[in-house]
Amino acid sequence: MASGNEDRPGATSLTDAPVPDLAVPVARDRPTRSPGKIALDRLRSNLPAMIGLAFVVFIGLVAVFAPQIVDALGHPPNQTSVDHLTDNGLPKGHLSGISGSYLFGIEPQTGRDIFSRICYGARVSLGISLTATFLSMVLGLFFGSVAGFFPGKVDAGISRVMDLLLAFPGLLFTISLIGAVPDNVPRPVIIVLVLGGLGWPYIGRLIRTFVLSLREREFVDAARVSGAGEWRILFREVLPNLTGPVLTYTMLLIPGNVVAEAALSYLGVGIRVPTASWGSMLSDASAYYSVDPFYLVVPGLVLFLTVFAFNLFGDGVSEAFNPKSNR
Amino acid sequence: MTRYLVRRVLALIALLFAVLVVTFVIFFSLQSNPALKSCGRVCSPERLKAVEHKFGLDKSQPEQFVIYLKGFVEGRDFGEGDAVRRCPAPCLGYSFKSDVPVLTLIESDFPVTLSIAVGAAVLWLLMGVVTGVISALRAGTRVDRSIVGISTATLSLPTQLVGYLLLLLFCVKGGVAFPHYVRIADSPWGWFTNLLLPWITLAIIYSAVYTRLTRSQMMESMQEDFIRTARGKGLSERKVTYKHGARAALPPLIVIFGLDLGGLLGGAFVTERIFGMPGLGNLAVKSIVDLDLPVILGVTIFGAFFILVANLVADIAYALTDPKVVLQ
């Protein structure tokens with residue numbers, strides 16, 4: 001056990017405390033595994049989660065190497081041409097004019113290469129989503145756990161701020177904020193700040209609820225009786241129990257933010273033309289859904305598969321760290 | 001309980017006030033002048049002055065805020081001389097763009113959003129809870145695995161893809177008339193049929209969350225000691241499941257449901273746009289594009305009000321369903 005009145009985080013932890021002699025005999029033919037290792041092994045043997053991870057990595061690579069991929073397989077993402085369009089602006093041929101040269105077809109009216117725009121769109125969509133998620137998680141984890149663990153004024157203060165932010169109609173407020181910011185600030189930066197800055201209270205509240213109930217558990221009393229300080233109990237005893245929920249909600253938030261970016265672009269306050277994001281493509285395509293449905297299906301499907309992959313992986317993470325609720 | 005309620009209602013009013021202040025400050029720190037929007041194409045300096053005066057934009061920001069608040073509490077008069085119009089309390093001002101009282105705009109568009117949100121909520125709750133309970137009780141079987149798989153997939157569907165594909169399938173190819181909003185007072189059947197596609201769209205996406213939540217809550221509660229106790233004292237498995245297991249699984253669902261419904265009542269932005277429904281989301285997006293400040297403020301306050309009330313109701317329902325929670 002943690003000994004004495006150590007209250008510095010990282011002094012001694014339960015896991016590397018010496019095992020007393022009365023330990024139950026362990027089978028020596030197998031190396032002992034830490035809880036983290038057990039969770040990782042569990043995750044590794046979860047096929048759907050690994051498929052999800054593989055797709056996430058694949059889309060991530062597409063985003064990183066978009067210029068090279070497009071050089072080799074496509075046309076510049078903003079290059080317009082009317083060569084492959086009919087007189088009324090629709091692509092010639094079936095399925096948006098899909099061909100070896102235009103792998104996912106051609107955009108109506110402009111003649112831009114849909115494949116290239118999907119590749120470059122991955123950069124914008126994933127970049128915004130990951131950064132906004134990171135911002136929300138850091139803020140939510142910190143403020144939520146502090147609010148849950150320190151009752152009274154601290155909790156009241158943080159909870160009021162979270163209440164205020166949660167009281168705002170989320171999407172409406174996001175749209176109005178983005179609309180209100182001067183035009184010279186780059187749109188992706190605004191979107192990240194607004195999504196991230198408005199997204200943390202949701203996580204914060206969940207974390208607070210978890211900490212609130214964990215605080216009453218016996219192991220916290222035990223740590224307190226053995227003399228651990230409050231911050232130490234919070235960071236070393238309580239928070240490690242939240243690894244599962246934190247990872248799970250991170251994996252929920254990432255696809256949530258991908259979808260939010262798509263909604264913003266669809267409503268006209270997202271990424272500006274001509275930059276491609278999956279959301280702006282979906283928005284552009286919605287005008288042609290009845291005459292050129294394939295154009296809508298491509299970004300829709302890419303968005304779906306990416307979100308699905310994140311969710312599959314997220315489920316795997318959640319099961320690995322929280323086997324109590326596994327399948 | 002009464003004390004708790006009074007405290008919460010006071011907090012609600014304080015929060016609404018805070019939302020109002022924050023929204024007001026953000027939009028008045030805009031660099032562009034909202035009066036320009038309603039001044040017209042040919043905008044002489046004199047005309048701009050007149051428009052600014054008409055909307056009270058020539059006064060300082062704090063003054064404008066006080067006037068706005070006063071109008072909310074005791075009503076206010078717009079215009080001068082013969083053209084004076086009374087805007088009775090709670091006055092949210094006149095739209096810069098259309099010169100219609102903001103409250104009238106909200107009153108006419110809110111039923112659309114209400115219809116979409118409530119119908120969809122009933123549908124997704126039914127779908128979600130039923131599939132979730134089935135899944136939890138058959139945990140590990142093929143039925144459970146397919147329900148979990150399908151719900152993970154539908155959870156990941158973009159609203160736009162679902163909405164437009166439904167429109168394509170039923171209206172473009174299937175020959176069903178394109179949905180448009182029909183008031184329930186005019187034709188209950190027309191109201192119902194026209195809203196079915198928006199409801200299904202939202203329910204497909206929302207219900208998956210409820211399936212998963214119901215399933216995990218139910219599985220967790222079925223492993224609790226009190227379930228063993230209930231079985232031990234000889235209750236039927238049916239009673240154990242629905243009276244003890246489901247009851248314990250319920251509270252978190254109620255909270256999420258309250259939050260989801262409250263959020264949606266402020267406007268179902270994407271769904272309204274896909275199906276061309278003139279609801280609050282549509283009104284909000286229009287007002288933001290037009291920098292129609294009074295409408296933005298009105299819709300924000302209205303949306304915030306629903307979120308806060310839904311929150312309060314959810315908390316009370318949580319306390320009523322979870323005997324471990326004491327309101328204080």
# chains A, B, ... in the order shown; residues from 1 in each chain; ligands from 1

$ residues_around --residues "region 305-318 of chain A" --least-positions-apart "3" --cutoff "8 Å" --atoms "only C-alpha atoms" --output "ChimeraX atom specification"
/A:43,46,48-53,55-56,59,244-245,247-248,251-252,254-256,258,301-302,321-323 /B:152-153,155-157

$ residues_around --residues "Phe55 (chain B)" --least-positions-apart "3" --cutoff "9 Å" --atoms "only C-alpha atoms" --output "mmCIF file with N, CA and C atoms, in the first residue's frame"
data_model
loop_
_atom_site.group_PDB
_atom_site.id
_atom_site.type_symbol
_atom_site.label_atom_id
_atom_site.label_comp_id
_atom_site.auth_asym_id
_atom_site.auth_seq_id
_atom_site.Cartn_x
_atom_site.Cartn_y
_atom_site.Cartn_z
ATOM 1 N N ALA B 35 -27.620 47.403 -39.221
ATOM 2 C CA ALA B 35 -28.591 48.278 -39.876
ATOM 3 C C ALA B 35 -28.401 48.287 -41.391
ATOM 4 N N ALA B 50 -31.536 56.887 -40.071
ATOM 5 C CA ALA B 50 -32.944 56.668 -39.743
ATOM 6 C C ALA B 50 -33.188 55.218 -39.335
ATOM 7 N N VAL B 51 -32.570 54.296 -40.101
ATOM 8 C CA VAL B 51 -32.743 52.873 -39.785
ATOM 9 C C VAL B 51 -32.135 52.573 -38.417
ATOM 10 N N GLU B 52 -30.933 53.127 -38.187
ATOM 11 C CA GLU B 52 -30.289 52.901 -36.897
ATOM 12 C C GLU B 52 -31.161 53.418 -35.763
ATOM 13 N N ASP B 58 -28.631 53.473 -32.488
ATOM 14 C CA ASP B 58 -27.826 54.679 -32.284
ATOM 15 C C ASP B 58 -27.482 54.898 -30.816
ATOM 16 N N PHE B 78 -42.374 50.621 -30.617
ATOM 17 C CA PHE B 78 -41.447 50.823 -31.722
ATOM 18 C C PHE B 78 -41.944 51.928 -32.619
ATOM 19 N N GLY B 79 -41.026 52.652 -33.231
ATOM 20 C CA GLY B 79 -41.388 53.706 -34.160
ATOM 21 C C GLY B 79 -41.802 54.966 -33.431
ATOM 22 N N GLY B 93 -38.409 42.076 -29.431
ATOM 23 C CA GLY B 93 -38.014 43.008 -30.482
ATOM 24 C C GLY B 93 -38.591 42.654 -31.842
ATOM 25 N N TYR B 94 -38.263 43.502 -32.840
ATOM 26 C CA TYR B 94 -38.695 43.274 -34.214
ATOM 27 C C TYR B 94 -37.532 42.794 -35.044
ATOM 28 N N PHE B 96 -34.957 42.831 -37.847
ATOM 29 C CA PHE B 96 -34.400 43.900 -38.672
ATOM 30 C C PHE B 96 -34.797 43.699 -40.127
#

$ residues_around --residues "region 193-209 of chain A" --least-positions-apart "5" --cutoff "6 Å" --atoms "only C-alpha atoms" --output "number ranges by chain"
A: 132, 135-136, 139-141, 144-145, 148, 162

$ select_by_dssp --residues "region 114-291 of chain B" --states "helix (DSSP H, G or I)" --output "number ranges by chain"
B: 114-137, 142-155, 159-173, 188-222, 225-232, 237-265, 269-274, 280-289

$ residues_around --residues "Thr241 (chain B)" --least-positions-apart "2" --cutoff "10 Å" --atoms "only C-alpha atoms" --output "list in words"
Val133, Leu137, Met218, Ser221, Met222, Ile227, Ala230, Arg231, Leu235, Ser236, Glu237, Arg238, Lys239, Lys243, His244, Gly245, Ala246, Arg247 and Ala248 of chain B

$ interface_residues --of "chain B" --to "chain A" --cutoff "7 Å" --atoms "only C-alpha atoms" --output "list in words"
Leu15, Val19, Phe27, Leu30, Ala139, Gly140, Thr152, Ala153, Ser156, Leu157, Pro158, Leu161, Tyr164, Leu168, Val172, Ser216, Met219, Glu220, Gly263, Gly266, Val270, Ile288, Thr300, Gly303, Ala304, Ile307 and Leu308 of chain B

$ residues_around --residues "Phe219 (chain A)" --least-positions-apart "6" --cutoff "10 Å" --atoms "only C-alpha atoms" --output "count of residues only"
4

$ atom_distance --atom1 "CA of Ala11 (chain B)" --atom2 "CA of Ala156 (chain A)"
11.9 Å

$ atom_distance --atom1 "CA of Ala117 (chain B)" --atom2 "CA of Leu264 (chain B)"
5.9 Å

$ select_by_dssp --residues "region 17-161 of chain B" --states "strand (DSSP E or B)" --output "PyMOL selection string"
chain B and resi 76-78+85-87+94+101

$ residues_around --residues "region 68-76 of chain B" --least-positions-apart "3" --cutoff "9 Å" --atoms "only C-alpha atoms" --output "mmCIF file with N, CA and C atoms, in the first residue's frame"
data_model
loop_
_atom_site.group_PDB
_atom_site.id
_atom_site.type_symbol
_atom_site.label_atom_id
_atom_site.label_comp_id
_atom_site.auth_asym_id
_atom_site.auth_seq_id
_atom_site.Cartn_x
_atom_site.Cartn_y
_atom_site.Cartn_z
ATOM 1 N N GLU B 63 -27.065 50.648 -23.002
ATOM 2 C CA GLU B 63 -28.411 51.210 -23.080
ATOM 3 C C GLU B 63 -29.340 50.291 -23.865
ATOM 4 N N GLN B 64 -28.821 49.820 -25.009
ATOM 5 C CA GLN B 64 -29.625 48.924 -25.839
ATOM 6 C C GLN B 64 -30.020 47.677 -25.067
ATOM 7 N N PHE B 65 -29.066 47.180 -24.275
ATOM 8 C CA PHE B 65 -29.329 45.963 -23.514
ATOM 9 C C PHE B 65 -30.434 46.195 -22.491
ATOM 10 N N ARG B 85 -45.811 51.293 -32.895
ATOM 11 C CA ARG B 85 -46.425 49.974 -32.726
ATOM 12 C C ARG B 85 -46.071 49.450 -31.349
ATOM 13 N N ARG B 86 -47.043 48.838 -30.713
ATOM 14 C CA ARG B 86 -46.827 48.306 -29.379
ATOM 15 C C ARG B 86 -46.372 46.857 -29.495
ATOM 16 N N CYS B 87 -45.264 46.525 -28.822
ATOM 17 C CA CYS B 87 -44.809 45.135 -28.774
ATOM 18 C C CYS B 87 -44.987 44.678 -27.336
ATOM 19 N N PRO B 88 -46.047 43.908 -27.065
ATOM 20 C CA PRO B 88 -46.360 43.575 -25.679
ATOM 21 C C PRO B 88 -45.341 42.611 -25.057
ATOM 22 N N ALA B 89 -45.243 42.635 -23.724
ATOM 23 C CA ALA B 89 -44.326 41.731 -23.026
ATOM 24 C C ALA B 89 -44.787 40.294 -23.212
ATOM 25 N N PRO B 90 -43.926 39.325 -23.311
ATOM 26 C CA PRO B 90 -42.468 39.472 -23.368
ATOM 27 C C PRO B 90 -42.018 39.859 -24.772
ATOM 28 N N CYS B 91 -41.530 41.062 -24.925
ATOM 29 C CA CYS B 91 -41.150 41.552 -26.247
ATOM 30 C C CYS B 91 -39.711 41.173 -26.562
ATOM 31 N N LEU B 92 -39.504 40.462 -27.661
ATOM 32 C CA LEU B 92 -38.153 40.094 -28.080
ATOM 33 C C LEU B 92 -37.689 40.992 -29.221
ATOM 34 N N GLY B 93 -38.409 42.076 -29.431
ATOM 35 C CA GLY B 93 -38.014 43.008 -30.482
ATOM 36 C C GLY B 93 -38.591 42.654 -31.842
#

$ closest_residue --among "B:Gly298, B:Thr131, B:Thr159, B:Pro278" --to "Val143 (chain B)" --atoms "only C-alpha atoms"
B:Thr131

$ closest_residue --among "B:Glu272, B:Gly262, B:Thr193, B:Gly128" --to "Val309 (chain B)" --atoms "only C-alpha atoms"
B:Gly262

$ closest_residue --among "A:Ile118, A:Leu126, A:Ile106, A:Ala39" --to "Val57 (chain A)" --atoms "only C-alpha atoms"
A:Leu126

$ residues_around --residues "Tyr318 (chain B)" --least-positions-apart "2" --cutoff "7 Å" --atoms "only C-alpha atoms" --output "ChimeraX atom specification"
/B:251,254-255,314-316,320-322

$ write_last_selection --atoms "N, CA and C atoms" --output "short mmCIF file (atom, residue, chain, number, x, y, z; two decimals), in the first residue's frame"
data_model
loop_
_atom_site.label_atom_id
_atom_site.label_comp_id
_atom_site.auth_asym_id
_atom_site.auth_seq_id
_atom_site.Cartn_x
_atom_site.Cartn_y
_atom_site.Cartn_z
N PRO B 251 -32.57 5.34 -14.94
CA PRO B 251 -32.21 6.74 -14.70
C PRO B 251 -31.26 7.39 -15.71
N ILE B 254 -33.07 8.33 -18.88
CA ILE B 254 -33.95 9.49 -18.76
C ILE B 254 -33.16 10.78 -18.93
N VAL B 255 -31.97 10.82 -18.32
CA VAL B 255 -31.15 12.02 -18.41
C VAL B 255 -30.75 12.30 -19.87
N ALA B 314 -35.20 16.34 -16.38
CA ALA B 314 -34.42 15.11 -16.37
C ALA B 314 -33.85 14.84 -14.98
N ASP B 315 -33.34 15.88 -14.32
CA ASP B 315 -32.77 15.71 -12.98
C ASP B 315 -33.83 15.26 -11.98
N ILE B 316 -35.02 15.87 -12.08
CA ILE B 316 -36.09 15.49 -11.16
C ILE B 316 -36.52 14.04 -11.43
N LEU B 320 -36.45 10.83 -8.98
CA LEU B 320 -37.66 10.05 -8.70
C LEU B 320 -37.47 8.58 -9.03
N THR B 321 -36.61 8.28 -10.02
CA THR B 321 -36.46 6.88 -10.42
C THR B 321 -35.29 6.20 -9.71
N ASP B 322 -34.33 6.99 -9.24
CA ASP B 322 -33.20 6.38 -8.55
C ASP B 322 -33.26 6.71 -7.06
#
